[in-house]
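Have a look at the structure below before the remarks.
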Amino acid sequence: MNFVMMFIRWNVEPVAFTVLGVPIMYYSLLFIAGTVLSVWILKRVYERNGMPWEHLQVLVVLSLVGLFLGARIGHCLIYEYDYYWKHPLEIFLPVRELPGGGYVFSGYEGMASHGGALGWIVALVIYSRVTGEKIIRTLDAIALVLPLAACFIRLGNLVNSEIVGTGTSVPWAFVFERVDGVPRHPAQLYEAMAYLAIFGGNMLLYRRVGLRRYPGMLWGGMLVAVFCARFLLEFLKERQVPFEEQMSLDLGQVLSIPFIFAGMLFLLFAWRVSRGNG
């Protein structure tokens with residue numbers, strides 16, 4: 001029996017359509033969809049907990065700026081430093097310099113989730129100072145939707161045939177024809193499904209305990225779950241940059257460890273607060 005026929009051959013065109021000659025990428029559409037859905041859920045959470053809608057608007061704007069700048073700069077400095085050191089404008093502009101001169105629209109090729117997390121933390125501190133909202137309650141609210149947004153981003157990576165998995169012979173393997181002809185783990189899909197499950201679990205927990213009973217628990221639990229999933233699934237991904245070949249753990253795993261420990265500290269804080277209130 002020829003098992004090759006059981007593999008999923010993946011060759012999706014990353015461009016969904018063009019507007020006035022500008023290509024609109026599926027990645028961008030999925031990012032927008034994840035953001036809009038997350039904001040809609042957060043709006044209901046804010047209303048239920050007496051938090052002003054105006055504050056959420058400020059949070060959305062600052063979060064988008066912080067996430068984008070952090071994720072973009074993080075990728076450029078961590079994964080492609082040599083290239084972007086010579087092409088600094090391409091860090092912020094969606095273009096790529098052609099070998100013979102001139103530029104072509106390329107979209108933003110490369111985002112680092114760890115950089116995005118750091119950029120967002122800076123944005124959150126600014127948000128707290130501007131609105132007076134407590135950081136811990138805001139973190140717990142955002143913990144509800146952050147895994148959902150991450151799910152949509154990983155689906156965008158799947159459409160782009162990027163961050164591919166290692167070779168495998170499982171029948172659900174994807175052959176990313178834009179990369180090579182090797183059947184691979186659909187690591188992007190695994191990660192998206194893991195984040196969706198974490199989102200569902202967090203929402204169920206929120207319905208039971210709300211935002212005030214255990215401050216920091218939702219955020220801490222989300223950090224532990226998301227980055228443990230990220231750490232484990234990295235074993236099924238191809239290394240993204242050559243220097244990782246010399247490492248026992250790849251860079252994504254190394255950078256996940258501090259977030260896991262940070263999540264544990266938040267969980268410890270929530271436990272101590274709950275004991276004090278009890």
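Labeling convention for the structure tokens: chains A, B, ... as they appear, residues from 1 per chain, ligands from 1 in order of appearance.
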Next item on the list: For Leu139 (chain A), please output as a PyMOL selection string all residues within 10 Å (counting only C-alpha atoms; exclusion window: fewer than 2 positions along the same chain).
Entry: chain A and resi 121+124+134-137+141-144+146+211+215-220
Next item on the list: Using only C-alpha atoms, determine which residues lie at most 9 Å from region 223-229 of chain A, disregarding the query and same-chain residues fewer than 6 positions distant; provide the list as a list in words.
Entry: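 After dropping sequence-adjacent residues, the list is Ala143, Pro147, Glu191, Ala194, Tyr195, Ile198, Gln253, Ser256, Ile257, Phe259, Ile260, Phe261, Ala262, Gly263 and Met264 of chain A.
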Margin query: Which residues are close to Arg184 (chain A), i.e. within 9 Å by only C-alpha atoms, leaving aside same-chain residues fewer than 5 positions away? Reply as a ChimeraX atom specification.
Written below: /A:164-170,172-176,236-237
Selected residues written out with N, CA and C atoms, as a PDB file, in the first residue's frame:
```
ATOM      1  N   VAL A 164       7.607  25.017  10.255  1.00  0.00           N
ATOM      2  CA  VAL A 164       7.150  23.668   9.933  1.00  0.00           C
ATOM      3  C   VAL A 164       7.694  22.655  10.942  1.00  0.00           C
ATOM      4  N   GLY A 165       7.032  21.503  10.991  1.00  0.00           N
ATOM      5  CA  GLY A 165       7.432  20.445  11.902  1.00  0.00           C
ATOM      6  C   GLY A 165       8.520  19.557  11.322  1.00  0.00           C
ATOM      7  N   THR A 166       8.983  18.643  12.136  1.00  0.00           N
ATOM      8  CA  THR A 166       9.995  17.685  11.705  1.00  0.00           C
ATOM      9  C   THR A 166       9.351  16.606  10.837  1.00  0.00           C
ATOM     10  N   GLY A 167      10.172  15.867  10.129  1.00  0.00           N
ATOM     11  CA  GLY A 167       9.677  14.802   9.271  1.00  0.00           C
ATOM     12  C   GLY A 167       9.032  13.679  10.065  1.00  0.00           C
ATOM     13  N   THR A 168       7.996  13.082   9.495  1.00  0.00           N
ATOM     14  CA  THR A 168       7.274  12.006  10.170  1.00  0.00           C
ATOM     15  C   THR A 168       6.558  11.150   9.141  1.00  0.00           C
ATOM     16  N   SER A 169       6.123   9.971   9.577  1.00  0.00           N
ATOM     17  CA  SER A 169       5.368   9.089   8.686  1.00  0.00           C
ATOM     18  C   SER A 169       3.927   8.915   9.150  1.00  0.00           C
ATOM     19  N   VAL A 170       3.475   9.740  10.122  1.00  0.00           N
ATOM     20  CA  VAL A 170       2.093   9.618  10.580  1.00  0.00           C
ATOM     21  C   VAL A 170       1.153   9.969   9.425  1.00  0.00           C
ATOM     22  N   TRP A 172      -1.425  11.716   9.147  1.00  0.00           N
ATOM     23  CA  TRP A 172      -1.934  13.096   9.057  1.00  0.00           C
ATOM     24  C   TRP A 172      -0.801  14.104   8.781  1.00  0.00           C
ATOM     25  N   ALA A 173       0.353  13.609   8.396  1.00  0.00           N
ATOM     26  CA  ALA A 173       1.470  14.498   8.098  1.00  0.00           C
ATOM     27  C   ALA A 173       1.124  15.436   6.942  1.00  0.00           C
ATOM     28  N   PHE A 174       1.700  16.621   6.986  1.00  0.00           N
ATOM     29  CA  PHE A 174       1.537  17.599   5.915  1.00  0.00           C
ATOM     30  C   PHE A 174       2.798  17.606   5.055  1.00  0.00           C
ATOM     31  N   VAL A 175       2.615  17.633   3.754  1.00  0.00           N
ATOM     32  CA  VAL A 175       3.729  17.866   2.832  1.00  0.00           C
ATOM     33  C   VAL A 175       3.654  19.332   2.422  1.00  0.00           C
ATOM     34  N   PHE A 176       4.522  20.149   2.995  1.00  0.00           N
ATOM     35  CA  PHE A 176       4.525  21.578   2.685  1.00  0.00           C
ATOM     36  C   PHE A 176       5.276  21.779   1.370  1.00  0.00           C
ATOM     37  N   LEU A 236       8.908  18.995  18.096  1.00  0.00           N
ATOM     38  CA  LEU A 236       8.364  18.522  16.817  1.00  0.00           C
ATOM     39  C   LEU A 236       8.550  19.552  15.706  1.00  0.00           C
ATOM     40  N   LYS A 237       9.331  20.597  15.973  1.00  0.00           N
ATOM     41  CA  LYS A 237       9.556  21.642  14.969  1.00  0.00           C
ATOM     42  C   LYS A 237      10.987  21.586  14.440  1.00  0.00           C
TER      43      LYS A 237
END
```
Notebook entry, point to check: Which is closest to Phe92 (chain A) among A:Gly201, A:Gly181, A:Gly210, A:Gly70, if we use only C-alpha atoms?
Noted result: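 Closest candidate: A:Gly70.
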Note to self: What's around Ala192 (chain A) at 9 Å? Count only C-alpha atoms, leave out sequence neighbours fewer than 4 positions away in its own chain, and write the answer as JSON, numbers by chain.
What the structure shows: {"A": [147, 148, 150, 151, 152, 153, 154, 155, 187, 188, 196, 197]}
Could those residues be written to a file, using N, CA, C and O atoms, as a PDB file, in the first residue's frame?
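So selection.pdb came out as:
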```
ATOM      1  N   PRO A 147      -4.645  33.155  24.571  1.00  0.00           N
ATOM      2  CA  PRO A 147      -4.451  31.892  23.844  1.00  0.00           C
ATOM      3  C   PRO A 147      -5.285  31.810  22.566  1.00  0.00           C
ATOM      4  O   PRO A 147      -4.854  31.207  21.582  1.00  0.00           O
ATOM      5  N   LEU A 148      -6.463  32.431  22.561  1.00  0.00           N
ATOM      6  CA  LEU A 148      -7.294  32.433  21.358  1.00  0.00           C
ATOM      7  C   LEU A 148      -6.609  33.220  20.241  1.00  0.00           C
ATOM      8  O   LEU A 148      -6.569  32.770  19.086  1.00  0.00           O
ATOM      9  N   ALA A 150      -3.424  33.720  19.961  1.00  0.00           N
ATOM     10  CA  ALA A 150      -2.261  32.929  19.555  1.00  0.00           C
ATOM     11  C   ALA A 150      -2.664  31.787  18.630  1.00  0.00           C
ATOM     12  O   ALA A 150      -1.916  31.427  17.714  1.00  0.00           O
ATOM     13  N   CYS A 151      -3.830  31.216  18.849  1.00  0.00           N
ATOM     14  CA  CYS A 151      -4.346  30.157  17.975  1.00  0.00           C
ATOM     15  C   CYS A 151      -4.480  30.663  16.547  1.00  0.00           C
ATOM     16  O   CYS A 151      -4.059  29.996  15.595  1.00  0.00           O
ATOM     17  N   PHE A 152      -5.063  31.840  16.368  1.00  0.00           N
ATOM     18  CA  PHE A 152      -5.236  32.401  15.029  1.00  0.00           C
ATOM     19  C   PHE A 152      -3.885  32.697  14.375  1.00  0.00           C
ATOM     20  O   PHE A 152      -3.721  32.517  13.161  1.00  0.00           O
ATOM     21  N   ILE A 153      -2.912  33.134  15.164  1.00  0.00           N
ATOM     22  CA  ILE A 153      -1.586  33.423  14.609  1.00  0.00           C
ATOM     23  C   ILE A 153      -0.931  32.145  14.099  1.00  0.00           C
ATOM     24  O   ILE A 153      -0.324  32.122  13.023  1.00  0.00           O
ATOM     25  N   ARG A 154      -1.054  31.065  14.852  1.00  0.00           N
ATOM     26  CA  ARG A 154      -0.465  29.804  14.405  1.00  0.00           C
ATOM     27  C   ARG A 154      -1.171  29.277  13.157  1.00  0.00           C
ATOM     28  O   ARG A 154      -0.553  28.674  12.293  1.00  0.00           O
ATOM     29  N   LEU A 155      -2.474  29.528  13.030  1.00  0.00           N
ATOM     30  CA  LEU A 155      -3.168  29.156  11.799  1.00  0.00           C
ATOM     31  C   LEU A 155      -2.621  29.970  10.628  1.00  0.00           C
ATOM     32  O   LEU A 155      -2.516  29.469   9.496  1.00  0.00           O
ATOM     33  N   ALA A 187       3.095  21.106  12.951  1.00  0.00           N
ATOM     34  CA  ALA A 187       3.329  21.656  14.288  1.00  0.00           C
ATOM     35  C   ALA A 187       2.511  22.914  14.539  1.00  0.00           C
ATOM     36  O   ALA A 187       2.080  23.163  15.671  1.00  0.00           O
ATOM     37  N   GLN A 188       2.291  23.697  13.487  1.00  0.00           N
ATOM     38  CA  GLN A 188       1.481  24.907  13.653  1.00  0.00           C
ATOM     39  C   GLN A 188       0.062  24.547  14.082  1.00  0.00           C
ATOM     40  O   GLN A 188      -0.535  25.221  14.923  1.00  0.00           O
ATOM     41  N   LEU A 196      -6.144  26.673  21.653  1.00  0.00           N
ATOM     42  CA  LEU A 196      -7.606  26.700  21.688  1.00  0.00           C
ATOM     43  C   LEU A 196      -8.126  25.949  22.916  1.00  0.00           C
ATOM     44  O   LEU A 196      -9.084  26.382  23.570  1.00  0.00           O
ATOM     45  N   ALA A 197      -7.495  24.821  23.250  1.00  0.00           N
ATOM     46  CA  ALA A 197      -7.888  24.063  24.445  1.00  0.00           C
ATOM     47  C   ALA A 197      -7.622  24.871  25.712  1.00  0.00           C
ATOM     48  O   ALA A 197      -8.438  24.865  26.646  1.00  0.00           O
TER      49      ALA A 197
END
```
Next item on the list: Write out as a VMD selection string all residues of region 7-232 of chain A that backbone DSSP assigns to alpha helix (DSSP H).
Entry: chain A and resid 26 to 48 53 to 78 81 to 86 89 to 92 113 to 131 135 to 143 146 to 159 187 to 209 217 to 232
Margin query: Calculated over only C-alpha atoms, which of the candidates A:Val182, A:Leu62, A:Leu20, A:Ile163 has the smallest distance to Val125 (chain A)?
Written below: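 Closest residue, counting only C-alpha atoms: A:Leu62.
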